[in-house]
file target.txt (compact mmCIF, C-alpha atoms)
# COMPACT_ATOMS: atom_id res chain seq x y z
CA MET A 1 -10.09 39.81 272.15
CA ALA A 2 -7.63 41.09 269.56
CA ASP A 3 -9.72 44.23 269.05
CA CYS A 4 -9.78 44.89 272.80
CA ILE A 5 -6.00 44.51 273.00
CA ASP A 6 -5.61 47.01 270.16
CA ASP A 7 -8.06 49.44 271.79
CA PHE A 8 -6.33 49.24 275.16
CA LEU A 9 -2.80 49.65 273.80
CA SER A 10 -3.98 52.58 271.69
CA GLU A 11 -5.53 54.20 274.78
CA ILE A 12 -2.23 54.08 276.73
CA GLU A 13 0.09 54.68 273.76
CA SER A 14 1.14 58.21 274.72
CA ILE A 15 2.12 57.25 278.29
CA ALA A 16 3.50 53.77 277.49
CA PRO A 17 7.16 54.92 277.78
CA ALA A 18 6.59 55.34 281.53
CA TYR A 19 5.93 51.64 282.02
CA ASP A 20 9.34 50.03 282.25
CA MET A 21 8.14 47.12 284.39
CA PRO A 22 4.89 45.34 283.47
CA LEU A 23 4.36 43.01 286.44
CA PHE A 24 2.28 39.86 285.93
CA CYS A 25 0.70 38.78 289.23
CA PHE A 26 -1.20 35.50 289.46
CA VAL A 27 -2.74 32.85 291.68
CA ALA A 28 -3.26 29.42 290.12
CA ILE A 29 -4.58 26.01 291.17
CA ARG A 30 -2.97 22.74 290.14
CA LYS A 31 -5.19 20.33 288.19
CA PRO A 32 -4.24 17.07 286.42
CA ASP A 33 -3.37 18.91 283.19
CA GLY A 34 -1.41 21.77 284.76
CA HIS A 35 -1.82 25.01 286.69
CA HIS A 36 -5.05 26.90 285.99
CA ILE A 37 -5.21 30.63 286.68
CA MET A 38 -7.84 31.73 289.18
CA GLN A 39 -7.00 35.40 289.35
CA ALA A 40 -4.37 37.48 287.57
CA ARG A 41 -3.42 41.09 286.96
CA LEU A 42 -0.86 42.68 284.72
CA LEU A 43 0.20 45.86 286.50
CA LEU A 44 1.87 48.40 284.24
CA LEU A 45 4.40 50.03 286.53
CA ASP A 46 6.96 52.78 286.52
CA ALA A 47 8.98 50.94 289.13
CA ALA A 48 11.31 52.52 291.66
CA PRO A 49 14.99 51.61 291.44
CA GLY A 50 15.69 48.39 293.32
CA PHE A 51 12.13 47.07 293.07
CA LYS A 52 12.00 43.26 293.22
CA PRO A 53 8.97 41.05 292.50
CA LYS A 54 7.85 38.62 295.19
CA ALA A 55 9.29 35.10 295.02
CA VAL A 56 7.14 32.25 293.68
CA PHE A 57 4.88 30.68 296.31
CA GLU A 58 4.06 27.00 295.80
CA THR A 59 2.30 24.26 297.73
CA THR A 60 0.97 20.94 296.53
CA ASN A 61 -2.03 22.50 294.80
CA ILE A 62 -1.51 26.27 294.86
CA LEU A 63 0.87 28.50 292.92
CA ALA A 64 1.32 32.28 293.14
CA GLY A 65 3.88 34.57 291.63
CA GLN A 66 4.95 37.94 290.30
CA VAL A 67 6.86 37.99 287.01
CA VAL A 68 8.26 40.97 285.10
CA ILE A 69 7.19 40.97 281.45
CA PRO A 70 9.57 42.81 279.05
CA PRO A 71 7.70 45.91 277.78
CA THR A 72 8.55 45.04 274.18
CA THR A 73 6.66 41.73 274.49
CA LEU A 74 3.49 43.18 276.01
CA ARG A 75 1.33 42.72 272.92
CA SER A 76 2.46 39.12 272.32
CA PHE A 77 1.95 38.28 276.01
CA LEU A 78 -1.65 39.51 275.83
CA ALA A 79 -2.19 37.54 272.61
CA ASP A 80 -0.93 34.37 274.35
CA PHE A 81 -3.30 35.05 277.21
CA ALA A 82 -6.19 35.37 274.75
CA ALA A 83 -5.20 31.99 273.31
CA GLY A 84 -5.51 30.44 276.77
CA LYS A 85 -1.93 29.75 277.89
CA VAL A 86 1.11 31.76 279.02
CA SER A 87 4.55 30.55 280.06
CA VAL A 88 6.24 32.37 282.96
CA ASP A 89 9.11 31.41 285.24
CA GLY A 90 9.13 27.86 283.90
CA PHE A 91 5.41 27.35 284.51
CA ASP A 92 2.75 26.91 281.82
CA LEU A 93 -0.36 28.65 283.10
CA ILE A 94 -3.76 27.85 281.62
CA PHE A 95 -6.50 30.47 281.40
CA ASP A 96 -9.84 28.76 280.88
CA HIS A 97 -12.28 30.83 278.88
CA PRO A 98 -15.35 30.29 276.73
CA GLU A 99 -14.91 29.83 272.98
CA GLN A 100 -15.82 33.52 272.63
CA VAL A 101 -13.48 35.40 274.97
CA ASN A 102 -15.32 37.86 277.20
CA ALA A 103 -13.04 40.92 277.10
CA THR A 104 -13.86 44.59 277.65
CA VAL A 105 -11.95 47.87 277.74
CA THR A 106 -13.13 50.47 280.22
CA ARG A 107 -11.51 53.79 279.34
CA PHE A 108 -12.62 55.49 282.57
CA HIS A 109 -12.74 52.88 285.31
CA ASP A 110 -14.76 53.75 288.43
CA GLU A 111 -11.73 53.39 290.68
CA GLY A 112 -9.93 56.03 288.68
CA THR A 113 -12.95 58.33 288.57
CA ARG A 114 -13.13 58.28 292.36
CA GLU A 115 -9.48 59.38 292.46
CA GLN A 116 -10.06 62.06 289.80
CA ARG A 117 -7.70 60.35 287.36
CA ARG A 118 -7.94 58.68 284.00
CA LEU A 119 -7.78 54.88 284.43
CA PRO A 120 -8.25 52.62 281.39
CA VAL A 121 -8.56 48.91 282.23
CA LEU A 122 -8.59 45.80 280.07
CA MET A 123 -10.69 43.10 281.74
CA VAL A 124 -11.00 39.46 280.64
CA LYS A 125 -13.44 37.03 282.25
CA GLY A 126 -12.74 33.31 282.22
CA ASN A 127 -15.10 30.38 282.11
CA ASP A 128 -17.48 30.70 285.05
CA GLN A 129 -18.47 27.05 284.81
CA ILE A 130 -15.15 25.81 286.19
CA SER A 131 -14.60 25.25 289.90
CA TYR A 132 -11.02 26.02 290.88
CA ALA A 133 -10.57 25.83 294.62
CA LEU A 134 -12.21 23.40 297.01
CA GLN A 135 -12.96 25.12 300.29
CA PRO A 136 -12.16 24.95 303.15
CA ASP A 137 -9.41 22.58 301.93
CA THR A 138 -7.50 25.34 300.10
CA ASP A 139 -7.32 27.67 303.09
CA TRP A 140 -6.14 24.86 305.37
CA GLU A 141 -3.44 23.95 302.84
CA LEU A 142 -2.26 27.56 302.93
CA ARG A 143 -2.11 27.52 306.72
CA ALA A 144 0.19 24.50 306.53
CA ALA A 145 2.63 26.15 304.09
CA LEU A 146 6.23 26.94 305.04
CA LEU A 147 5.24 30.61 304.63
CA PRO A 148 1.66 30.40 305.93
CA TYR A 149 -1.35 32.37 304.75
CA ASP A 150 -4.75 32.33 306.41
CA SER A 151 -6.81 32.28 303.23
CA LEU A 152 -6.74 32.32 299.45
CA ASN A 153 -7.81 35.96 299.46
CA GLU A 154 -4.91 36.91 301.72
CA LEU A 155 -2.53 35.21 299.29
CA ALA A 156 -4.16 37.00 296.34
CA ASN A 157 -3.92 40.39 298.07
CA ASP A 158 -0.29 39.83 298.99
CA TYR A 159 0.55 39.01 295.36
CA ARG A 160 -1.55 41.97 294.13
CA THR A 161 -3.96 40.00 291.95
CA GLY A 162 -7.07 41.49 293.51
CA PRO A 163 -9.71 39.50 295.42
CA VAL A 164 -10.53 35.99 294.26
CA SER A 165 -14.06 35.59 292.94
CA GLY A 166 -16.16 32.46 292.91
CA ASP A 167 -17.34 33.24 289.37
CA GLY A 168 -14.50 31.71 287.42
CA ALA A 169 -11.12 33.13 286.46
CA SER A 170 -10.47 36.77 285.69
CA PHE A 171 -7.57 38.79 284.32
CA ALA A 172 -7.10 42.56 284.27
CA VAL A 173 -4.47 44.89 282.83
CA VAL A 174 -4.17 47.95 285.07
CA PRO A 175 -1.82 50.89 284.37
CA ALA A 176 -0.37 52.75 287.33
CA PRO A 177 -0.77 56.55 287.45
CA VAL A 178 2.02 58.38 285.63
CA GLY A 179 1.19 61.88 286.82
CA LEU A 180 -0.79 63.72 289.47
CA VAL A 181 -1.72 67.13 290.76
CA ASP A 182 -0.28 67.84 294.20
CA TYR A 183 -3.26 68.60 296.46
CA ASP A 184 -0.92 70.42 298.83
CA SER A 185 0.17 72.91 296.18
CA PRO A 186 0.80 76.21 298.00
CA VAL A 187 -1.99 78.78 297.79
CA HIS A 188 -1.45 81.84 299.99
CA ALA A 189 -3.83 84.77 299.68
CA THR A 190 -3.36 86.02 296.09
CA GLU A 191 -0.44 83.80 295.06
CA ALA A 192 -0.85 80.18 293.94
CA THR A 193 1.82 77.66 292.99
CA PRO A 194 0.16 74.75 291.17
CA THR A 195 2.43 71.71 291.48
CA VAL A 196 2.34 68.45 289.54
CA ARG A 197 4.44 65.29 289.42
CA ILE A 198 5.02 63.04 286.42
CA SER A 199 7.03 59.94 285.61
CA ARG A 200 10.69 60.69 284.94
CA ARG A 201 10.32 58.73 281.69
CA LEU A 202 7.77 61.12 280.20
CA ASN A 203 8.68 64.27 278.31
CA PRO A 204 7.78 67.34 280.42
CA GLN A 205 7.57 69.42 277.23
CA ASP A 206 4.45 67.38 276.33
CA VAL A 207 2.71 68.33 279.59
CA SER A 208 0.16 71.11 279.87
CA LEU A 209 -1.89 72.39 282.79
CA GLY A 210 -5.49 73.45 282.41
CA LEU A 211 -6.53 75.98 285.05
CA ARG A 212 -9.97 77.20 286.16
CA VAL A 213 -9.96 79.95 288.75
CA VAL A 214 -13.14 80.16 290.85
CA HIS A 215 -14.02 83.16 293.02
CA ASN A 216 -17.34 83.79 294.76
CA ASP A 217 -18.80 80.66 293.13
CA ALA A 218 -18.04 81.87 289.60
CA VAL A 219 -15.29 80.92 287.14
CA ILE A 220 -13.36 84.14 286.54
CA GLU A 221 -10.47 82.79 284.50
CA ARG A 222 -9.58 79.81 282.30
CA ARG A 223 -6.11 79.25 280.90
CA THR A 224 -3.57 76.67 279.75
CA ILE A 225 0.08 76.64 280.73
CA ALA A 226 2.34 74.69 278.37
CA GLY A 227 5.11 72.37 279.54
CA PRO A 228 8.01 74.64 278.52
CA ALA A 229 6.57 77.41 280.74
CA ILE A 230 6.61 75.13 283.80
CA GLN A 231 9.67 74.84 286.01
CA TRP A 232 10.81 71.20 286.22
CA GLU A 233 13.18 69.44 288.60
CA MET A 234 13.81 65.92 289.85
CA ASP A 235 12.06 65.09 293.12
CA GLY A 236 13.29 61.68 294.19
CA THR A 237 12.34 59.33 291.35
CA VAL A 238 9.77 61.63 289.68
CA LEU A 239 9.71 64.98 287.91
CA ARG A 240 8.09 67.85 289.80
CA GLY A 241 6.70 70.82 287.90
CA THR A 242 5.64 74.15 289.38
CA THR A 243 4.23 77.40 288.05
CA LYS A 244 3.02 80.57 289.74
CA LEU A 245 -0.08 82.67 289.15
CA SER A 246 -1.91 85.53 290.81
CA VAL A 247 -5.53 85.02 291.84
CA PRO A 248 -8.09 87.00 293.84
CA ASP A 249 -7.88 86.42 297.59
CA GLY A 250 -10.12 83.50 298.59
CA SER A 251 -10.08 81.83 295.17
CA SER A 252 -9.90 78.12 294.44
CA ILE A 253 -8.14 76.67 291.39
CA GLN A 254 -9.01 73.54 289.50
CA CYS A 255 -5.72 72.24 288.11
CA ILE A 256 -5.92 69.67 285.29
CA LEU A 257 -2.78 67.70 284.40
CA ARG A 258 -2.64 66.77 280.70
CA TYR A 259 -0.14 64.84 278.57
CA GLN A 260 -0.10 65.07 274.80
CA GLY A 261 -3.58 66.55 274.95
CA LYS A 262 -5.15 63.91 277.24
CA ALA A 263 -6.35 64.85 280.72
CA LEU A 264 -4.76 62.48 283.25
CA HIS A 265 -5.68 63.86 286.67
CA PHE A 266 -7.22 66.91 288.29
CA GLY A 267 -7.41 68.46 291.71
CA HIS A 268 -8.84 71.55 293.42
CA LEU A 269 -6.37 73.84 295.17
CA TYR A 270 -7.29 76.14 298.06
CA ASP A 271 -5.75 78.49 300.56
CA HIS A 272 -6.24 76.17 303.54
CA GLU A 273 -6.08 79.04 305.99
CA ARG A 274 -8.91 80.96 304.34
CA SER A 275 -11.23 78.37 302.80
CA THR A 276 -14.59 77.52 304.29
CA ASN A 277 -14.77 74.39 306.41
CA VAL A 278 -17.09 72.32 304.19
CA ARG A 279 -18.06 69.87 306.94
CA ARG A 280 -19.11 72.70 309.25
CA THR A 281 -21.11 74.39 306.48
CA ILE A 282 -23.08 71.18 305.84
CA LEU A 283 -23.80 70.66 309.54
CA GLN A 284 -24.95 74.25 309.96
CA ALA A 285 -27.52 73.80 307.22
CA PHE A 286 -29.42 71.56 309.68
CA ASP A 287 -28.14 72.96 312.99
CA PRO A 288 -27.28 76.67 312.53
CA ASN A 289 -25.66 77.10 315.97
CA LEU A 290 -24.26 73.54 316.11
CA ASP A 291 -25.98 73.11 319.49
CA ALA A 292 -26.85 69.45 318.88
CA ILE A 293 -23.22 68.38 318.64
CA GLY A 294 -21.95 70.66 321.41
CA CYS A 295 -19.70 72.89 319.28
CA PRO A 296 -18.55 76.39 320.27
CA SER A 297 -20.58 79.36 319.14
CA SER A 298 -20.61 80.42 315.50
CA ASP A 299 -18.65 83.58 316.39
CA HIS A 300 -15.94 81.46 317.95
CA LEU A 301 -15.93 79.04 315.03
CA ALA A 302 -15.44 81.91 312.61
CA GLN A 303 -12.10 82.63 314.27
CA ILE A 304 -10.79 79.09 313.87
CA GLY A 305 -8.70 78.37 310.77
CA SER A 306 -10.03 75.45 308.77
CA GLN A 307 -8.39 73.00 306.45
CA ILE A 308 -9.75 71.07 303.52
CA SER A 309 -8.17 67.66 303.09
CA GLY A 310 -7.62 66.37 299.56
CA VAL A 311 -7.86 62.80 298.28
CA SER A 312 -4.57 60.99 298.92
CA ALA A 313 -2.67 60.50 295.66
CA SER A 314 -1.51 57.11 294.46
CA SER A 315 2.24 56.46 294.30
CA TRP A 316 4.11 55.09 291.30
CA GLY A 317 7.69 55.33 292.41

call {"tool": "encode", "arguments": {"input": "target.txt", "output": "structure tokens"}}
result
Amino acid sequence: MADCIDDFLSEIESIAPAYDMPLFCFVAIRKPDGHHIMQARLLLLDAAPGFKPKAVFETTNILAGQVVIPPTTLRSFLADFAAGKVSVDGFDLIFDHPEQVNATVTRFHDEGTREQRRLPVLMVKGNDQISYALQPDTDWELRAALLPYDSLNELANDYRTGPVSGDGASFAVVPAPVGLVDYDSPVHATEATPTVRISRRLNPQDVSLGLRVVHNDAVIERRTIAGPAIQWEMDGTVLRGTTKLSVPDGSSIQCILRYQGKALHFGHLYDHERSTNVRRTILQAFDPNLDAIGCPSSDHLAQIGSQISGVSASSWG
């Protein structure tokens, strides 16, 4: 697992200064020799001021918690986890795993790809031969708690460990996004204002924007705008950067946010008042007059302004 730890930390090295609050989230089951982890995640966060982890939850046989790990001890914490035991908040937590630890680093996790962002994940699978929770006993114990939960999965979701699997323990290290392209960046006729947001702990001079301007289904311009040429200001707890460019009327712009040469996130920007309604275009391929779904005539539809909705961006602040 040591190689995987090195690979993962190397992958996030440039953006590591953003993560001031690594948050260890876990659900464990008590056994005769101690608490054994069922599900755990280490969330690398750029936490908002005033953020507080959830208090420890404990019943006779179940333990859940969120513990802040000092950023300077991240490597040693992961090494302890690989060895099979970590100590947090006065509890010694055991992570059962085969003699050969099953660890992988996914540099472009599917969840990130769906959100058009770079998402490296370190995943460790525990011993799948060990049974942790007896059901339905565990769920009924949770219902009897002073702060009741209906199920083990509800507890796991509340403590942000991810869903509990029946295939043994698992542990993942997941970095939060540190920058994003604003899908609502203003585009009006021939003037576009690409807008991005980054962690306040990153250096905006190390940012660059890659731009592809598309008009009439063809790329007509490609360019890079360096960080010093972007206008930066604080926006709540994050840095907001904007730049302006002229484009042909009706263009779309692919905006790619990069940090120290690595692409982090991208989005497509449109003039919402002028862009084609994609959903209507698809329907008209099969029903040219949209008679089957009772829509107004095509002439009438052409007069209606349409809007393209972007993927909602994840929050880090």

call {"tool": "closest_residue", "arguments": {"input": "target.txt", "among": "A:Met21, A:Leu155, A:Val88, A:Leu180", "to": "Pro71 (chain A)", "atoms": "all atoms listed in the file"}}
result
A:Met21

call {"tool": "closest_residue", "arguments": {"input": "target.txt", "among": "A:Leu74, A:Ala133, A:Ile220, A:Val213", "to": "Leu269 (chain A)", "atoms": "all atoms listed in the file"}}
result
A:Val213

call {"tool": "closest_atom_pairs", "arguments": {"input": "target.txt", "of": "region 1-101 of chain A", "to": "region 190-206 of chain A", "cutoff": "10 Å", "atoms": "only C-alpha atoms", "output": "Markdown table"}}
result
| residue | atom | partner | partner_atom | distance |
| --- | --- | --- | --- | --- |
| A:Ser14 | CA | A:Leu202 | CA | 9.1 |
| A:Ile15 | CA | A:Leu202 | CA | 7.1 |
| A:Ala16 | CA | A:Leu202 | CA | 8.9 |
| A:Pro17 | CA | A:Arg201 | CA | 6.3 |
| A:Ala18 | CA | A:Arg201 | CA | 5.0 |
| A:Tyr19 | CA | A:Arg201 | CA | 8.3 |
| A:Asp20 | CA | A:Arg201 | CA | 8.8 |
| A:Asp46 | CA | A:Ser199 | CA | 7.2 |
| A:Ala47 | CA | A:Ser199 | CA | 9.9 |

call {"tool": "closest_residue", "arguments": {"input": "target.txt", "among": "A:Lys54, A:Pro175, A:Pro32, A:Tyr270", "to": "Arg118 (chain A)", "atoms": "only C-alpha atoms"}}
result
A:Pro175

call {"tool": "closest_residue", "arguments": {"input": "target.txt", "among": "A:Phe171, A:Leu45, A:Val207, A:Ser251", "to": "Gln231 (chain A)", "atoms": "all atoms listed in the file"}}
result
A:Val207

call {"tool": "residues_near_point", "arguments": {"input": "target.txt", "point": "(-10.9, 69.6, 291.6)", "cutoff": "7 Å", "atoms": "only C-alpha atoms", "output": "list of chain:residue names"}}
result
A:Gln254, A:Cys255, A:Phe266, A:Gly267, A:His268

call {"tool": "write_last_selection", "arguments": {"input": "target.txt", "atoms": "C-alpha atoms", "output": "PDB file, in the coordinates of the input"}}
result
ATOM      1  CA  GLN A 254      -9.010  73.540 289.500  1.00  0.00           C
ATOM      2  CA  CYS A 255      -5.720  72.240 288.110  1.00  0.00           C
ATOM      3  CA  PHE A 266      -7.220  66.910 288.290  1.00  0.00           C
ATOM      4  CA  GLY A 267      -7.410  68.460 291.710  1.00  0.00           C
ATOM      5  CA  HIS A 268      -8.840  71.550 293.420  1.00  0.00           C
TER       6      HIS A 268
END

call {"tool": "closest_residue", "arguments": {"input": "target.txt", "among": "A:Glu58, A:Glu115, A:Leu211, A:Leu122", "to": "Pro148 (chain A)", "atoms": "all atoms listed in the file"}}
result
A:Glu58

call {"tool": "atom_distance", "arguments": {"input": "target.txt", "atom1": "CA of Ala40 (chain A)", "atom2": "CA of Pro53 (chain A)"}}
result
14.7 Å

call {"tool": "atom_distance", "arguments": {"input": "target.txt", "atom1": "CA of Glu99 (chain A)", "atom2": "CA of Asp3 (chain A)"}}
result
15.8 Å

call {"tool": "residues_around", "arguments": {"input": "target.txt", "residues": "Val86 (chain A)", "least_positions_apart": "6", "cutoff": "12 Å", "atoms": "all atoms listed in the file", "output": "PyMOL selection string"}}
result
chain A and resi 24+26+34-37+40+67+69+76-80+92-96

call {"tool": "atom_distance", "arguments": {"input": "target.txt", "atom1": "CA of His97 (chain A)", "atom2": "CA of Asn61 (chain A)"}}
result
20.7 Å

call {"tool": "closest_residue", "arguments": {"input": "target.txt", "among": "A:Arg114, A:Arg107, A:His272, A:Arg41", "to": "Phe81 (chain A)", "atoms": "only C-alpha atoms"}}
result
A:Arg41

call {"tool": "residues_near_point", "arguments": {"input": "target.txt", "point": "(13.4, 63.2, 291.0)", "cutoff": "10 Å", "atoms": "all atoms listed in the file", "output": "list of chain:residue names"}}
result
A:Arg197, A:Ile198, A:Ser199, A:Arg200, A:Trp232, A:Glu233, A:Met234, A:Asp235, A:Gly236, A:Thr237, A:Val238, A:Leu239, A:Arg240, A:Gly317

call {"tool": "write_last_selection", "arguments": {"input": "target.txt", "atoms": "C-alpha atoms", "output": "JSON list (two decimals), keeping the file's coordinate frame"}}
result
[["chain", "number", "residue", "atom", "x", "y", "z"],
["A", 197, "ARG", "CA", 4.44, 65.29, 289.42],
["A", 198, "ILE", "CA", 5.02, 63.04, 286.42],
["A", 199, "SER", "CA", 7.03, 59.94, 285.61],
["A", 200, "ARG", "CA", 10.69, 60.69, 284.94],
["A", 232, "TRP", "CA", 10.81, 71.20, 286.22],
["A", 233, "GLU", "CA", 13.18, 69.44, 288.60],
["A", 234, "MET", "CA", 13.81, 65.92, 289.85],
["A", 235, "ASP", "CA", 12.06, 65.09, 293.12],
["A", 236, "GLY", "CA", 13.29, 61.68, 294.19],
["A", 237, "THR", "CA", 12.34, 59.33, 291.35],
["A", 238, "VAL", "CA", 9.77, 61.63, 289.68],
["A", 239, "LEU", "CA", 9.71, 64.98, 287.91],
["A", 240, "ARG", "CA", 8.09, 67.85, 289.80],
["A", 317, "GLY", "CA", 7.69, 55.33, 292.41]]

call {"tool": "residues_around", "arguments": {"input": "target.txt", "residues": "Ala2 (chain A)", "least_positions_apart": "2", "cutoff": "8 Å", "atoms": "all atoms listed in the file", "output": "list in words"}}
result
Cys4, Ile5, Asp6, Ala79 and Ala82 of chain A

call {"tool": "write_last_selection", "arguments": {"input": "target.txt", "atoms": "C-alpha atoms", "output": "PDB file, in the coordinates of the input"}}
result
ATOM      1  CA  CYS A   4      -9.780  44.890 272.800  1.00  0.00           C
ATOM      2  CA  ILE A   5      -6.000  44.510 273.000  1.00  0.00           C
ATOM      3  CA  ASP A   6      -5.610  47.010 270.160  1.00  0.00           C
ATOM      4  CA  ALA A  79      -2.190  37.540 272.610  1.00  0.00           C
ATOM      5  CA  ALA A  82      -6.190  35.370 274.750  1.00  0.00           C
TER       6      ALA A  82
END

call {"tool": "build_atoms", "arguments": {"input": "target.txt", "residues": "region 39-50 of chain A", "atoms": "N, CA, C and O atoms", "output": "tab-separated table (two decimals), in the coordinates of the input"}}
result
chain	number	residue	atom	x	y	z
A	39	GLN	N	-6.94	33.95	289.35
A	39	GLN	CA	-7.00	35.40	289.35
A	39	GLN	C	-5.64	35.93	288.91
A	39	GLN	O	-4.60	35.43	289.35
A	40	ALA	N	-5.63	36.92	288.04
A	40	ALA	CA	-4.37	37.48	287.57
A	40	ALA	C	-4.54	38.95	287.21
A	40	ALA	O	-5.62	39.37	286.79
A	41	ARG	N	-3.47	39.69	287.39
A	41	ARG	CA	-3.42	41.09	286.96
A	41	ARG	C	-2.07	41.36	286.33
A	41	ARG	O	-1.04	40.85	286.79
A	42	LEU	N	-2.10	42.17	285.29
A	42	LEU	CA	-0.86	42.68	284.72
A	42	LEU	C	-0.82	44.16	285.10
A	42	LEU	O	-1.60	44.96	284.59
A	43	LEU	N	0.07	44.50	286.03
A	43	LEU	CA	0.20	45.86	286.50
A	43	LEU	C	1.28	46.56	285.68
A	43	LEU	O	2.43	46.13	285.66
A	44	LEU	N	0.90	47.63	285.01
A	44	LEU	CA	1.87	48.40	284.24
A	44	LEU	C	2.48	49.44	285.17
A	44	LEU	O	1.80	50.38	285.60
A	45	LEU	N	3.76	49.25	285.49
A	45	LEU	CA	4.40	50.03	286.53
A	45	LEU	C	5.56	50.87	286.00
A	45	LEU	O	6.25	50.47	285.08
A	46	ASP	N	5.74	52.00	286.64
A	46	ASP	CA	6.96	52.78	286.52
A	46	ASP	C	7.69	52.52	287.83
A	46	ASP	O	7.51	53.23	288.82
A	47	ALA	N	8.48	51.46	287.87
A	47	ALA	CA	8.98	50.94	289.13
A	47	ALA	C	10.14	51.77	289.68
A	47	ALA	O	10.94	52.32	288.93
A	48	ALA	N	10.21	51.84	291.00
A	48	ALA	CA	11.31	52.52	291.66
A	48	ALA	C	12.58	51.69	291.52
A	48	ALA	O	12.53	50.47	291.41
A	49	PRO	N	13.74	52.36	291.50
A	49	PRO	CA	14.99	51.61	291.44
A	49	PRO	C	15.09	50.62	292.60
A	49	PRO	O	14.73	50.92	293.73
A	50	GLY	N	15.54	49.40	292.29
A	50	GLY	CA	15.69	48.39	293.32
A	50	GLY	C	14.45	47.56	293.57
A	50	GLY	O	14.47	46.65	294.41
